[in-house]
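What follows is a single structure, written as C-alpha coordinates, with notes after it.
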Protein chains: 2
Amino acid sequence: MLKYLAIKNSLKQQIQQGIYGIGDLLPSENELCARFSITRTTARKALDELIREGFIEKKQGIGSVVRERRQSLGLLNVKGFSEAVGHNVKTIFLKKPAIRDWSEEIKIPVSEKEKKSACIHFERLRCVGGEPVMLENNWLAARDLDGLLRHDFVDASFFKTLSRNHLIEITGSESELRAENADEKISSLLKIKRGASVLHISLKFKTSHPDINIYSELYCNTKKYPVGNNYQI
Amino acid sequence: MLKYLAIKNSLKQQIQQGIYGIGDLLPSENELCARFSITRTTARKALDELIREGFIEKKQGIGSVVRERRQSLGLLNVKGFSEAVGHNVKTIFLKKPAIRDWSEEIKIPVSEKEKKSACIHFERLRCVGGEPVMLENNWLAARDLDGLLRHDFVDASFFKTLSRNHLIEITGSESELRAENADEKISSLLKIKRGASVLHISLKFKTSHPDINIYSELYCNTKKYPVGNNYQI
DNA sequence: TAGTGGTCTAGACCACGGT
DNA sequence: CCGTGGTCTAGACCACTAG
(Lines give C-alpha, C1' and ligand atoms only; values in the text may rest on other atoms or scores of the structure.)
Protein backbone atom coordinates (compact mmCIF):
# COMPACT_ATOMS: atom_id res chain seq x y z
CA MET A 1 0.00 0.00 0.00
CA LEU A 2 1.06 3.61 -0.47
CA LYS A 3 3.02 4.80 2.54
CA TYR A 4 1.74 8.36 2.63
CA LEU A 5 -1.86 7.14 2.45
CA ALA A 6 -1.36 4.67 5.27
CA ILE A 7 0.13 7.37 7.48
CA LYS A 8 -2.53 9.91 6.52
CA ASN A 9 -5.31 7.46 7.35
CA SER A 10 -3.67 6.46 10.61
CA LEU A 11 -3.41 10.09 11.74
CA LYS A 12 -6.91 10.89 10.47
CA GLN A 13 -8.38 8.03 12.49
CA GLN A 14 -6.60 9.18 15.63
CA ILE A 15 -7.99 12.68 15.13
CA GLN A 16 -11.52 11.36 14.57
CA GLN A 17 -11.24 9.22 17.70
CA GLY A 18 -10.13 12.22 19.72
CA ILE A 19 -6.68 10.86 20.48
CA TYR A 20 -5.50 14.15 19.03
CA GLY A 21 -7.95 16.87 20.05
CA ILE A 22 -8.52 20.31 18.60
CA GLY A 23 -5.44 22.48 19.10
CA ASP A 24 -3.17 19.50 19.76
CA LEU A 25 0.09 19.06 17.91
CA LEU A 26 0.59 16.05 15.69
CA PRO A 27 4.02 14.40 15.77
CA SER A 28 6.56 16.60 13.99
CA GLU A 29 7.65 15.72 10.49
CA ASN A 30 10.99 14.43 11.75
CA GLU A 31 9.20 12.38 14.39
CA LEU A 32 7.00 10.79 11.71
CA CYS A 33 10.10 10.06 9.63
CA ALA A 34 11.69 8.19 12.50
CA ARG A 35 8.55 6.40 13.64
CA PHE A 36 7.53 5.12 10.21
CA SER A 37 10.96 4.88 8.58
CA ILE A 38 10.16 7.32 5.82
CA THR A 39 11.66 10.50 4.45
CA ARG A 40 10.33 13.98 5.03
CA THR A 41 8.90 14.12 1.52
CA THR A 42 6.57 11.26 2.36
CA ALA A 43 5.69 12.61 5.80
CA ARG A 44 4.88 15.98 4.27
CA LYS A 45 2.73 14.36 1.57
CA ALA A 46 0.66 12.65 4.28
CA LEU A 47 0.26 15.91 6.20
CA ASP A 48 -0.57 17.81 2.99
CA GLU A 49 -3.52 15.47 2.49
CA LEU A 50 -4.74 16.14 6.01
CA ILE A 51 -4.54 19.88 5.32
CA ARG A 52 -6.47 19.42 2.08
CA GLU A 53 -9.19 17.55 3.95
CA GLY A 54 -9.33 20.24 6.60
CA PHE A 55 -8.16 18.26 9.60
CA ILE A 56 -4.99 20.18 10.43
CA GLU A 57 -3.12 23.36 9.68
CA LYS A 58 0.61 23.83 9.81
CA LYS A 59 2.45 26.58 11.60
CA GLN A 60 6.06 27.23 10.86
CA GLY A 61 8.24 26.95 13.94
CA ILE A 62 5.43 25.21 15.83
CA GLY A 63 4.01 22.15 14.11
CA SER A 64 0.86 20.57 12.71
CA VAL A 65 -2.15 21.72 14.70
CA VAL A 66 -5.44 19.84 14.73
CA ARG A 67 -8.21 22.08 13.46
CA GLU A 68 -11.86 22.28 14.16
CA ARG A 69 -13.50 20.83 11.09
CA ARG A 70 -16.02 23.25 9.80
CA GLN A 71 -19.47 21.88 9.27
CA SER A 72 -20.87 24.41 6.85
CA LEU A 73 -18.00 24.44 4.35
CA GLY A 74 -19.21 27.53 2.59
CA LEU A 75 -22.34 25.61 1.97
CA LEU A 76 -25.26 27.82 1.27
CA ASN A 77 -27.93 27.49 3.86
CA VAL A 78 -31.46 28.59 3.53
CA LYS A 79 -31.89 31.06 6.33
CA GLY A 80 -34.18 29.56 8.88
CA PHE A 81 -33.24 26.01 7.98
CA SER A 82 -30.74 25.55 10.77
CA GLU A 83 -32.89 27.26 13.37
CA ALA A 84 -35.89 25.27 12.31
CA VAL A 85 -34.20 21.88 12.16
CA GLY A 86 -36.46 19.22 13.55
CA HIS A 87 -39.80 20.91 13.69
CA ASN A 88 -40.39 23.06 10.67
CA VAL A 89 -38.17 21.55 8.01
CA LYS A 90 -39.25 18.75 5.77
CA THR A 91 -37.49 17.10 2.89
CA ILE A 92 -39.44 15.32 0.20
CA PHE A 93 -37.71 12.97 -2.19
CA LEU A 94 -39.13 13.58 -5.66
CA LYS A 95 -36.69 11.04 -7.07
CA LYS A 96 -34.92 8.57 -4.81
CA PRO A 97 -31.21 7.96 -5.34
CA ALA A 98 -30.74 5.71 -8.39
CA ILE A 99 -28.46 5.21 -11.35
CA ARG A 100 -29.49 7.68 -14.06
CA ASP A 101 -27.83 9.45 -16.98
CA TRP A 102 -25.65 12.48 -16.46
CA SER A 103 -27.91 15.45 -17.08
CA GLU A 104 -27.41 18.31 -19.52
CA GLU A 105 -28.81 20.49 -16.78
CA ILE A 106 -25.52 20.49 -14.86
CA LYS A 107 -23.92 23.91 -15.37
CA ILE A 108 -20.46 23.33 -13.96
CA PRO A 109 -18.47 21.11 -16.32
CA VAL A 110 -18.30 17.44 -15.33
CA SER A 111 -14.84 15.91 -15.87
CA GLU A 112 -14.42 13.36 -18.64
CA LYS A 113 -13.48 10.67 -16.17
CA GLU A 114 -16.66 11.19 -14.20
CA LYS A 115 -18.80 11.24 -17.32
CA LYS A 116 -17.46 7.82 -18.23
CA SER A 117 -18.64 6.24 -14.99
CA ALA A 118 -22.25 5.65 -14.00
CA CYS A 119 -24.15 8.44 -12.32
CA ILE A 120 -26.17 8.52 -9.12
CA HIS A 121 -28.94 11.08 -9.10
CA PHE A 122 -31.60 12.20 -6.65
CA GLU A 123 -34.05 15.07 -6.45
CA ARG A 124 -35.41 16.63 -3.28
CA LEU A 125 -37.83 19.37 -2.38
CA ARG A 126 -37.01 21.29 0.78
CA CYS A 127 -39.86 22.81 2.73
CA VAL A 128 -40.02 25.22 5.65
CA GLY A 129 -43.24 25.51 7.59
CA GLY A 130 -45.02 23.43 5.00
CA GLU A 131 -44.03 25.71 2.13
CA PRO A 132 -41.63 24.51 -0.54
CA VAL A 133 -38.58 26.82 -0.67
CA MET A 134 -35.92 24.91 -2.56
CA LEU A 135 -35.73 22.35 -5.34
CA GLU A 136 -32.51 20.39 -5.28
CA ASN A 137 -31.01 18.05 -7.89
CA ASN A 138 -27.80 16.16 -7.19
CA TRP A 139 -25.50 14.05 -9.33
CA LEU A 140 -22.28 12.18 -8.58
CA ALA A 141 -20.15 9.43 -10.06
CA ALA A 142 -21.04 5.97 -8.75
CA ARG A 143 -17.52 4.95 -7.76
CA ASP A 144 -16.75 2.99 -4.61
CA LEU A 145 -20.17 3.94 -3.25
CA ASP A 146 -21.60 0.54 -2.55
CA GLY A 147 -24.70 0.70 -0.42
CA LEU A 148 -25.50 4.35 -1.07
CA LEU A 149 -28.51 3.31 -3.12
CA ARG A 150 -29.74 0.62 -0.75
CA HIS A 151 -29.66 2.41 2.59
CA ASP A 152 -31.27 5.55 3.89
CA PHE A 153 -29.10 8.58 4.58
CA VAL A 154 -27.54 8.96 8.04
CA ASP A 155 -29.66 11.55 9.88
CA ALA A 156 -31.22 12.36 6.49
CA SER A 157 -27.92 14.04 5.58
CA PHE A 158 -26.17 13.13 2.37
CA PHE A 159 -22.81 14.56 3.45
CA LYS A 160 -22.91 12.77 6.78
CA THR A 161 -23.62 9.55 4.92
CA LEU A 162 -20.64 10.04 2.63
CA SER A 163 -18.35 10.71 5.58
CA ARG A 164 -19.56 7.95 7.91
CA ASN A 165 -20.20 5.17 5.43
CA HIS A 166 -17.74 5.94 2.67
CA LEU A 167 -14.96 8.00 4.33
CA ILE A 168 -15.41 10.76 1.77
CA GLU A 169 -14.97 14.32 3.00
CA ILE A 170 -15.95 17.59 1.37
CA THR A 171 -12.80 19.56 0.61
CA GLY A 172 -14.12 22.55 -1.26
CA SER A 173 -16.82 23.97 -3.43
CA GLU A 174 -17.33 25.98 -6.57
CA SER A 175 -20.58 27.72 -7.33
CA GLU A 176 -22.36 29.98 -9.76
CA LEU A 177 -25.33 32.11 -8.78
CA ARG A 178 -27.99 33.38 -11.10
CA ALA A 179 -31.26 35.22 -10.68
CA GLU A 180 -33.75 33.73 -13.12
CA ASN A 181 -37.43 33.66 -13.93
CA ALA A 182 -39.27 30.55 -12.83
CA ASP A 183 -40.27 28.21 -15.64
CA GLU A 184 -43.26 25.87 -15.62
CA LYS A 185 -41.65 23.11 -13.56
CA ILE A 186 -40.06 25.38 -10.97
CA SER A 187 -43.12 27.55 -10.50
CA SER A 188 -45.42 24.61 -9.95
CA LEU A 189 -43.08 22.83 -7.55
CA LEU A 190 -42.21 25.92 -5.53
CA LYS A 191 -45.81 27.15 -5.80
CA ILE A 192 -44.92 30.57 -7.13
CA LYS A 193 -46.03 32.51 -10.18
CA ARG A 194 -44.62 31.64 -13.55
CA GLY A 195 -41.80 34.13 -14.25
CA ALA A 196 -41.21 35.09 -10.63
CA SER A 197 -37.57 35.62 -9.65
CA VAL A 198 -35.83 32.54 -8.31
CA LEU A 199 -32.26 32.08 -7.18
CA HIS A 200 -30.53 29.42 -9.24
CA ILE A 201 -27.39 27.99 -7.60
CA SER A 202 -25.08 25.69 -9.53
CA LEU A 203 -22.75 23.90 -7.16
CA LYS A 204 -19.81 21.56 -7.38
CA PHE A 205 -18.60 20.06 -4.15
CA LYS A 206 -15.07 18.72 -4.29
CA THR A 207 -14.31 15.72 -2.12
CA SER A 208 -11.27 13.90 -0.78
CA HIS A 209 -11.92 11.24 -3.43
CA PRO A 210 -10.23 12.57 -6.57
CA ASP A 211 -12.80 11.03 -8.92
CA ILE A 212 -15.91 12.04 -7.01
CA ASN A 213 -17.44 15.49 -7.07
CA ILE A 214 -21.02 16.29 -6.20
CA TYR A 215 -22.88 18.44 -8.70
CA SER A 216 -26.04 20.21 -7.60
CA GLU A 217 -28.54 22.51 -9.23
CA LEU A 218 -30.70 24.38 -6.73
CA TYR A 219 -33.69 26.64 -7.26
CA CYS A 220 -34.68 28.76 -4.30
CA ASN A 221 -37.64 30.93 -3.54
CA THR A 222 -35.88 33.67 -1.57
CA LYS A 223 -38.94 35.82 -0.88
CA LYS A 224 -39.40 34.66 2.68
CA TYR A 225 -36.15 32.84 3.28
CA PRO A 226 -33.02 34.37 1.75
CA VAL A 227 -30.09 32.02 1.23
CA GLY A 228 -27.28 32.64 3.68
CA ASN A 229 -23.59 31.98 3.61
CA ASN A 230 -20.80 32.42 6.16
CA TYR A 231 -17.07 32.34 5.84
CA GLN A 232 -14.29 32.45 8.29
CA ILE A 233 -10.75 32.70 7.09
CA MET B 1 12.32 34.65 -4.96
CA LEU B 2 10.73 31.25 -4.48
CA LYS B 3 11.32 29.14 -7.54
CA TYR B 4 8.06 27.20 -7.51
CA LEU B 5 6.07 30.42 -7.15
CA ALA B 6 7.88 32.07 -10.05
CA ILE B 7 7.20 29.06 -12.27
CA LYS B 8 3.60 28.76 -11.14
CA ASN B 9 2.95 32.42 -11.88
CA SER B 10 4.69 32.23 -15.23
CA LEU B 11 2.55 29.27 -16.31
CA LYS B 12 -0.58 30.86 -14.88
CA GLN B 13 -0.01 34.02 -16.86
CA GLN B 14 0.50 32.07 -20.06
CA ILE B 15 -2.78 30.22 -19.46
CA GLN B 16 -4.62 33.47 -18.76
CA GLN B 17 -3.21 35.00 -21.92
CA GLY B 18 -4.34 32.02 -23.95
CA ILE B 19 -0.85 30.90 -24.89
CA TYR B 20 -1.96 27.59 -23.45
CA GLY B 21 -5.60 27.02 -24.36
CA ILE B 22 -8.19 24.71 -22.85
CA GLY B 23 -7.20 21.08 -23.38
CA ASP B 24 -3.58 21.96 -24.19
CA LEU B 25 -0.70 20.23 -22.49
CA LEU B 26 1.66 22.22 -20.34
CA PRO B 27 5.36 21.36 -20.62
CA SER B 28 6.03 18.04 -18.94
CA GLU B 29 7.62 17.95 -15.53
CA ASN B 30 10.95 16.89 -16.98
CA GLU B 31 10.73 19.65 -19.55
CA LEU B 32 10.15 22.21 -16.79
CA CYS B 33 13.12 20.79 -14.88
CA ALA B 34 15.39 21.30 -17.87
CA ARG B 35 14.00 24.68 -18.85
CA PHE B 36 14.19 26.25 -15.41
CA SER B 37 17.11 24.28 -13.96
CA ILE B 38 15.08 22.82 -11.14
CA THR B 39 14.31 19.37 -9.79
CA ARG B 40 11.05 17.52 -10.24
CA THR B 41 10.04 18.22 -6.64
CA THR B 42 10.00 21.93 -7.41
CA ALA B 43 8.29 21.50 -10.77
CA ARG B 44 5.60 19.35 -9.14
CA LYS B 45 5.10 21.91 -6.38
CA ALA B 46 4.42 24.57 -9.00
CA LEU B 47 1.96 22.34 -10.84
CA ASP B 48 0.28 21.33 -7.57
CA GLU B 49 -0.50 24.98 -6.96
CA LEU B 50 -2.05 25.31 -10.41
CA ILE B 51 -4.21 22.27 -9.70
CA ARG B 52 -5.28 23.75 -6.38
CA GLU B 53 -6.27 26.96 -8.13
CA GLY B 54 -8.22 25.04 -10.73
CA PHE B 55 -6.16 25.91 -13.80
CA ILE B 56 -5.00 22.43 -14.77
CA GLU B 57 -5.57 18.77 -14.07
CA LYS B 58 -2.94 16.06 -14.36
CA LYS B 59 -3.33 12.79 -16.19
CA GLN B 60 -0.86 10.02 -15.59
CA GLY B 61 0.86 8.96 -18.77
CA ILE B 62 -0.34 12.08 -20.56
CA GLY B 63 0.56 15.32 -18.84
CA SER B 64 -0.85 18.50 -17.30
CA VAL B 65 -3.99 19.53 -19.14
CA VAL B 66 -5.36 23.08 -19.06
CA ARG B 67 -8.87 23.11 -17.66
CA GLU B 68 -11.86 25.19 -18.56
CA ARG B 69 -12.25 28.07 -16.16
CA ARG B 70 -15.61 29.71 -15.98
CA GLN B 71 -15.97 33.39 -16.45
CA SER B 72 -17.98 34.85 -13.66
CA LEU B 73 -17.99 37.68 -11.19
CA GLY B 74 -15.91 36.26 -8.38
CA LEU B 75 -17.56 38.03 -5.60
CA LEU B 76 -18.34 36.32 -2.40
CA ASN B 77 -14.75 35.40 -1.86
CA VAL B 78 -12.42 37.93 -0.38
CA LYS B 79 -10.41 38.56 -3.50
CA GLY B 80 -12.57 41.39 -4.67
CA PHE B 81 -13.97 42.19 -8.02
CA SER B 82 -11.01 43.35 -10.10
CA GLU B 83 -8.73 40.44 -9.31
CA ALA B 84 -11.51 37.94 -9.76
CA VAL B 85 -12.84 39.09 -13.08
CA GLY B 86 -9.73 40.20 -14.92
CA HIS B 87 -8.99 42.80 -17.53
CA ASN B 88 -12.19 43.98 -19.09
CA VAL B 89 -13.45 45.62 -15.95
CA LYS B 90 -14.35 49.25 -15.48
CA THR B 91 -15.60 50.86 -12.32
CA ILE B 92 -17.65 54.05 -12.26
CA PHE B 93 -18.08 55.94 -9.02
CA LEU B 94 -21.69 57.11 -8.76
CA LYS B 95 -20.96 58.51 -5.34
CA LYS B 96 -17.39 59.08 -4.19
CA PRO B 97 -16.43 58.02 -0.68
CA ALA B 98 -17.76 60.54 1.82
CA ILE B 99 -19.28 60.78 5.28
CA ARG B 100 -22.98 59.98 4.99
CA ASP B 101 -25.70 58.57 7.20
CA TRP B 102 -26.01 54.87 7.86
CA SER B 103 -28.62 53.67 5.42
CA GLU B 104 -31.84 51.81 6.11
CA GLU B 105 -31.01 49.83 3.00
CA ILE B 106 -28.42 47.71 4.82
CA LYS B 107 -29.98 44.29 5.36
CA ILE B 108 -27.48 42.73 7.73
CA PRO B 109 -27.77 44.32 11.17
CA VAL B 110 -25.16 46.98 11.95
CA SER B 111 -23.80 46.80 15.49
CA GLU B 112 -24.75 49.56 17.92
CA LYS B 113 -21.13 50.59 18.33
CA GLU B 114 -20.74 51.08 14.61
CA LYS B 115 -24.02 52.97 14.31
CA LYS B 116 -22.74 55.46 16.88
CA SER B 117 -19.69 56.36 14.83
CA ALA B 118 -19.72 58.24 11.54
CA CYS B 119 -20.24 56.30 8.35
CA ILE B 120 -18.25 56.26 5.14
CA HIS B 121 -20.29 55.43 2.09
CA PHE B 122 -19.62 55.03 -1.62
CA GLU B 123 -21.53 53.74 -4.60
CA ARG B 124 -19.99 52.15 -7.67
CA LEU B 125 -21.19 50.69 -10.93
CA ARG B 126 -19.13 47.76 -12.17
CA CYS B 127 -18.93 47.14 -15.89
CA VAL B 128 -17.54 44.23 -17.86
CA GLY B 129 -16.86 44.76 -21.55
CA GLY B 130 -18.61 48.12 -21.39
CA GLU B 131 -21.85 46.72 -20.01
CA PRO B 132 -22.97 47.50 -16.47
CA VAL B 133 -23.31 44.25 -14.52
CA MET B 134 -23.33 45.23 -10.87
CA LEU B 135 -24.43 48.11 -8.70
CA GLU B 136 -22.55 48.26 -5.43
CA ASN B 137 -23.17 50.25 -2.28
CA ASN B 138 -20.74 50.11 0.62
CA TRP B 139 -20.81 51.43 4.15
CA LEU B 140 -18.32 51.24 6.99
CA ALA B 141 -17.57 52.95 10.28
CA ALA B 142 -15.14 55.85 9.93
CA ARG B 143 -12.71 54.75 12.62
CA ASP B 144 -8.94 55.08 12.26
CA LEU B 145 -9.36 55.50 8.53
CA ASP B 146 -7.61 58.79 7.99
CA GLY B 147 -6.95 59.48 4.36
CA LEU B 148 -9.46 57.03 2.97
CA LEU B 149 -11.62 59.95 1.82
CA ARG B 150 -8.79 62.03 0.43
CA HIS B 151 -6.85 59.54 -1.65
CA ASP B 152 -7.73 57.29 -4.54
CA PHE B 153 -7.89 53.56 -3.97
CA VAL B 154 -4.75 51.47 -4.50
CA ASP B 155 -5.14 49.79 -7.91
CA ALA B 156 -8.82 50.83 -7.75
CA SER B 157 -9.30 48.16 -5.11
CA PHE B 158 -10.96 49.00 -1.84
CA PHE B 159 -9.69 45.89 -0.07
CA LYS B 160 -6.15 46.49 -1.24
CA THR B 161 -6.38 50.06 0.03
CA LEU B 162 -7.56 48.91 3.43
CA SER B 163 -4.73 46.41 3.60
CA ARG B 164 -1.89 48.60 2.31
CA ASN B 165 -2.80 51.94 3.83
CA HIS B 166 -4.68 50.95 6.97
CA LEU B 167 -3.41 47.44 7.74
CA ILE B 168 -6.95 46.11 7.89
CA GLU B 169 -7.50 42.60 6.55
CA ILE B 170 -10.70 40.77 5.73
CA THR B 171 -11.22 37.88 8.12
CA GLY B 172 -14.62 36.56 7.15
CA SER B 173 -17.96 37.32 5.62
CA GLU B 174 -21.64 36.84 6.08
CA SER B 175 -24.09 37.14 3.25
CA GLU B 176 -27.71 36.85 2.25
CA LEU B 177 -28.78 36.15 -1.29
CA ARG B 178 -32.08 37.06 -2.87
CA ALA B 179 -33.51 36.87 -6.36
CA GLU B 180 -35.57 39.99 -6.92
CA ASN B 181 -37.28 41.97 -9.65
CA ALA B 182 -35.43 45.08 -10.77
CA ASP B 183 -37.02 48.35 -9.65
CA GLU B 184 -36.79 51.66 -11.46
CA LYS B 185 -33.33 52.62 -10.22
CA ILE B 186 -31.74 49.21 -10.71
CA SER B 187 -33.21 48.64 -14.15
CA SER B 188 -32.06 52.01 -15.47
CA LEU B 189 -28.56 51.70 -14.04
CA LEU B 190 -28.02 48.11 -15.14
CA LYS B 191 -29.82 48.78 -18.43
CA ILE B 192 -32.26 45.92 -18.09
CA LYS B 193 -36.04 45.74 -18.24
CA ARG B 194 -38.08 46.82 -15.28
CA GLY B 195 -39.01 43.68 -13.35
CA ALA B 196 -36.21 41.53 -14.75
CA SER B 197 -34.59 39.12 -12.29
CA VAL B 198 -31.58 40.49 -10.48
CA LEU B 199 -29.42 38.91 -7.83
CA HIS B 200 -29.41 40.94 -4.64
CA ILE B 201 -26.48 40.19 -2.35
CA SER B 202 -26.32 41.62 1.16
CA LEU B 203 -22.81 41.30 2.50
CA LYS B 204 -20.99 41.91 5.71
CA PHE B 205 -17.23 41.61 5.58
CA LYS B 206 -15.58 41.12 8.91
CA THR B 207 -12.14 42.63 9.33
CA SER B 208 -9.16 42.35 11.61
CA HIS B 209 -10.30 45.61 13.21
CA PRO B 210 -12.93 44.60 15.76
CA ASP B 211 -15.00 47.75 15.28
CA ILE B 212 -14.95 47.86 11.50
CA ASN B 213 -17.12 45.74 9.28
CA ILE B 214 -17.90 46.51 5.69
CA TYR B 215 -21.55 46.36 4.73
CA SER B 216 -22.44 46.03 1.07
CA GLU B 217 -25.63 45.80 -0.92
CA LEU B 218 -25.06 44.50 -4.44
CA TYR B 219 -27.41 44.14 -7.38
CA CYS B 220 -26.17 41.91 -10.18
CA ASN B 221 -27.34 41.20 -13.68
CA THR B 222 -26.41 37.53 -13.87
CA LYS B 223 -27.64 36.91 -17.42
CA LYS B 224 -24.19 36.97 -18.98
CA TYR B 225 -21.95 36.76 -15.95
CA PRO B 226 -23.15 34.59 -13.12
CA VAL B 227 -21.69 35.37 -9.72
CA GLY B 228 -19.04 32.84 -8.84
CA ASN B 229 -17.71 31.61 -5.59
CA ASN B 230 -14.95 29.21 -4.66
CA TYR B 231 -14.30 27.71 -1.32
CA GLN B 232 -11.34 25.69 -0.20
CA ILE B 233 -11.00 24.20 3.21
C1' DT C 1 9.18 1.38 -26.42
C1' DA C 2 9.51 6.05 -25.03
C1' DG C 3 7.55 9.52 -22.41
C1' DT C 4 4.42 10.90 -18.87
C1' DG C 5 3.11 11.54 -14.03
C1' DG C 6 3.17 9.03 -9.04
C1' DT C 7 5.89 7.64 -5.23
C1' DC C 8 9.97 7.63 -2.50
C1' DT C 9 14.87 8.09 -0.73
C1' DA C 10 18.70 10.87 1.51
C1' DG C 11 20.39 14.44 1.98
C1' DA C 12 20.85 20.19 2.37
C1' DC C 13 19.99 25.05 3.85
C1' DC C 14 16.65 28.46 5.31
C1' DA C 15 12.99 31.21 8.15
C1' DC C 16 10.33 31.14 12.07
C1' DG C 17 8.97 30.55 17.11
C1' DG C 18 9.79 29.62 21.75
C1' DT C 19 13.41 28.91 25.58
C1' DC D 1 19.86 28.14 20.96
C1' DC D 2 17.20 24.19 19.16
C1' DG D 3 13.31 22.25 17.01
C1' DT D 4 9.73 23.30 13.82
C1' DG D 5 8.05 23.58 9.09
C1' DG D 6 9.41 25.61 4.05
C1' DT D 7 12.18 25.07 0.09
C1' DC D 8 15.20 22.60 -2.88
C1' DT D 9 18.60 19.21 -4.93
C1' DA D 10 19.76 14.71 -7.33
C1' DG D 11 18.82 10.86 -7.84
C1' DA D 12 15.58 6.09 -8.16
C1' DC D 13 11.78 2.86 -9.45
C1' DC D 14 7.00 2.32 -10.66
C1' DA D 15 2.29 2.63 -13.29
C1' DC D 16 0.03 4.47 -16.97
C1' DT D 17 -0.68 6.02 -22.00
C1' DA D 18 0.29 6.36 -26.64
C1' DG D 19 2.28 5.23 -31.06
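By convention here, the chains of the C-alpha coordinates are called A, B, ... in the order presented, each chain's residues are numbered starting at 1, and ligands are numbered starting at 1 in the order presented.
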Who sits within 12 Å of B:Lys96, only C-alpha atoms (C1' of nucleotides), same chain under 2 positions skipped, as JSON, numbers by chain: {"B": [91, 92, 93, 94, 98, 99, 100, 120, 121, 122, 123, 124, 125, 137, 138, 139, 148, 149, 150, 151, 152, 153]}
Counting only C-alpha atoms (C1' of nucleotides), which residues of chain C come no farther than 9 Å from chain B, as number ranges by chain? C: 3-6
Interface list for chain B, partner chain D, 12 Å threshold, only C-alpha atoms (C1' of nucleotides), as a list in words: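 My answer is Met1, Leu2, Lys3, Tyr4, Leu5, Cys33, Ser37, Ile38, Thr39, Arg40, Thr41, Thr42, Ala43, Arg44, Lys45, Ala46, Lys59, Gln60, Gly61, Ile62 and Gly63 of chain B.
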Distance filter 6 Å, only C-alpha atoms, chain A against chain B, as a list in words: Gly54, Thr171, Gly172, Ser173, Glu174, Ser175, Glu176, Leu177, Arg178, Ala179, Glu180, Ser197, Val198, Leu199, Thr222, Pro226, Val227, Gly228, Asn229, Asn230, Tyr231, Gln232 and Ile233 of chain A
Please write the residues from the selection above to a file, keeping N, CA and C atoms, as a JSON list (two decimals), in the first residue's frame.
[["chain", "number", "residue", "atom", "x", "y", "z"],
["A", 54, "GLY", "N", -8.86, 19.32, 5.57],
["A", 54, "GLY", "CA", -9.33, 20.24, 6.60],
["A", 54, "GLY", "C", -9.13, 19.80, 8.03],
["A", 171, "THR", "N", -14.04, 18.80, 0.49],
["A", 171, "THR", "CA", -12.80, 19.56, 0.61],
["A", 171, "THR", "C", -12.89, 20.95, -0.02],
["A", 172, "GLY", "N", -14.00, 21.23, -0.66],
["A", 172, "GLY", "CA", -14.12, 22.55, -1.26],
["A", 172, "GLY", "C", -15.38, 22.63, -2.10],
["A", 173, "SER", "N", -15.65, 23.83, -2.58],
["A", 173, "SER", "CA", -16.82, 23.97, -3.43],
["A", 173, "SER", "C", -16.61, 25.07, -4.46],
["A", 174, "GLU", "N", -17.39, 25.03, -5.48],
["A", 174, "GLU", "CA", -17.33, 25.98, -6.57],
["A", 174, "GLU", "C", -18.79, 26.24, -6.91],
["A", 175, "SER", "N", -19.17, 27.50, -7.03],
["A", 175, "SER", "CA", -20.58, 27.72, -7.33],
["A", 175, "SER", "C", -20.81, 28.89, -8.27],
["A", 176, "GLU", "N", -21.93, 28.88, -8.91],
["A", 176, "GLU", "CA", -22.36, 29.98, -9.76],
["A", 176, "GLU", "C", -23.78, 30.35, -9.37],
["A", 177, "LEU", "N", -24.02, 31.64, -9.23],
["A", 177, "LEU", "CA", -25.33, 32.11, -8.78],
["A", 177, "LEU", "C", -25.99, 32.92, -9.87],
["A", 178, "ARG", "N", -27.25, 32.64, -10.09],
["A", 178, "ARG", "CA", -27.99, 33.38, -11.10],
["A", 178, "ARG", "C", -29.39, 33.71, -10.58],
["A", 179, "ALA", "N", -29.85, 34.89, -10.94],
["A", 179, "ALA", "CA", -31.26, 35.22, -10.68],
["A", 179, "ALA", "C", -32.01, 34.95, -11.96],
["A", 180, "GLU", "N", -33.04, 34.12, -11.90],
["A", 180, "GLU", "CA", -33.75, 33.73, -13.12],
["A", 180, "GLU", "C", -35.26, 33.84, -12.91],
["A", 197, "SER", "N", -39.02, 35.76, -9.80],
["A", 197, "SER", "CA", -37.57, 35.62, -9.65],
["A", 197, "SER", "C", -37.24, 34.46, -8.73],
["A", 198, "VAL", "N", -36.36, 33.59, -9.18],
["A", 198, "VAL", "CA", -35.83, 32.54, -8.31],
["A", 198, "VAL", "C", -34.32, 32.58, -8.35],
["A", 199, "LEU", "N", -33.71, 32.15, -7.26],
["A", 199, "LEU", "CA", -32.26, 32.08, -7.18],
["A", 199, "LEU", "C", -31.82, 30.70, -7.65],
["A", 222, "THR", "N", -36.54, 32.90, -2.63],
["A", 222, "THR", "CA", -35.88, 33.67, -1.57],
["A", 222, "THR", "C", -36.77, 34.75, -0.98],
["A", 226, "PRO", "N", -34.21, 34.16, 2.56],
["A", 226, "PRO", "CA", -33.02, 34.37, 1.75],
["A", 226, "PRO", "C", -32.01, 33.25, 2.02],
["A", 227, "VAL", "N", -31.14, 33.01, 1.05],
["A", 227, "VAL", "CA", -30.09, 32.02, 1.23],
["A", 227, "VAL", "C", -28.91, 32.70, 1.91],
["A", 228, "GLY", "N", -28.37, 32.06, 2.92],
["A", 228, "GLY", "CA", -27.28, 32.64, 3.68],
["A", 228, "GLY", "C", -25.99, 31.89, 3.50],
["A", 229, "ASN", "N", -24.89, 32.56, 3.86],
["A", 229, "ASN", "CA", -23.59, 31.98, 3.61],
["A", 229, "ASN", "C", -22.57, 32.65, 4.53],
["A", 230, "ASN", "N", -21.82, 31.86, 5.28],
["A", 230, "ASN", "CA", -20.80, 32.42, 6.16],
["A", 230, "ASN", "C", -19.43, 31.89, 5.82],
["A", 231, "TYR", "N", -18.45, 32.74, 6.00],
["A", 231, "TYR", "CA", -17.07, 32.34, 5.84],
["A", 231, "TYR", "C", -16.26, 32.77, 7.03],
["A", 232, "GLN", "N", -15.25, 32.01, 7.31],
["A", 232, "GLN", "CA", -14.29, 32.45, 8.29],
["A", 232, "GLN", "C", -12.95, 32.09, 7.71],
["A", 233, "ILE", "N", -12.05, 33.02, 7.67],
["A", 233, "ILE", "CA", -10.75, 32.70, 7.09],
["A", 233, "ILE", "C", -9.91, 31.90, 8.07]]
So how many Å separate atom CA of A:Lys185 and atom CA of A:Lys107, to one decimal? 17.8 Å
Any chance you could list, as a PyMOL selection string, the residues in stretch 35-202 of chain A that come up helix (DSSP H, G or I) when DSSP is run on the backbone? chain A and resi 35-36+40-52+81-84+112-116+158-166+184-190
DSSP says strand (DSSP E or B) for which residues of stretch 7-218 of chain B? Put them as a PyMOL selection string? chain B and resi 25+56-59+63-66+73-74+89-100+119-128+131-141+170-181+197-207+213-218
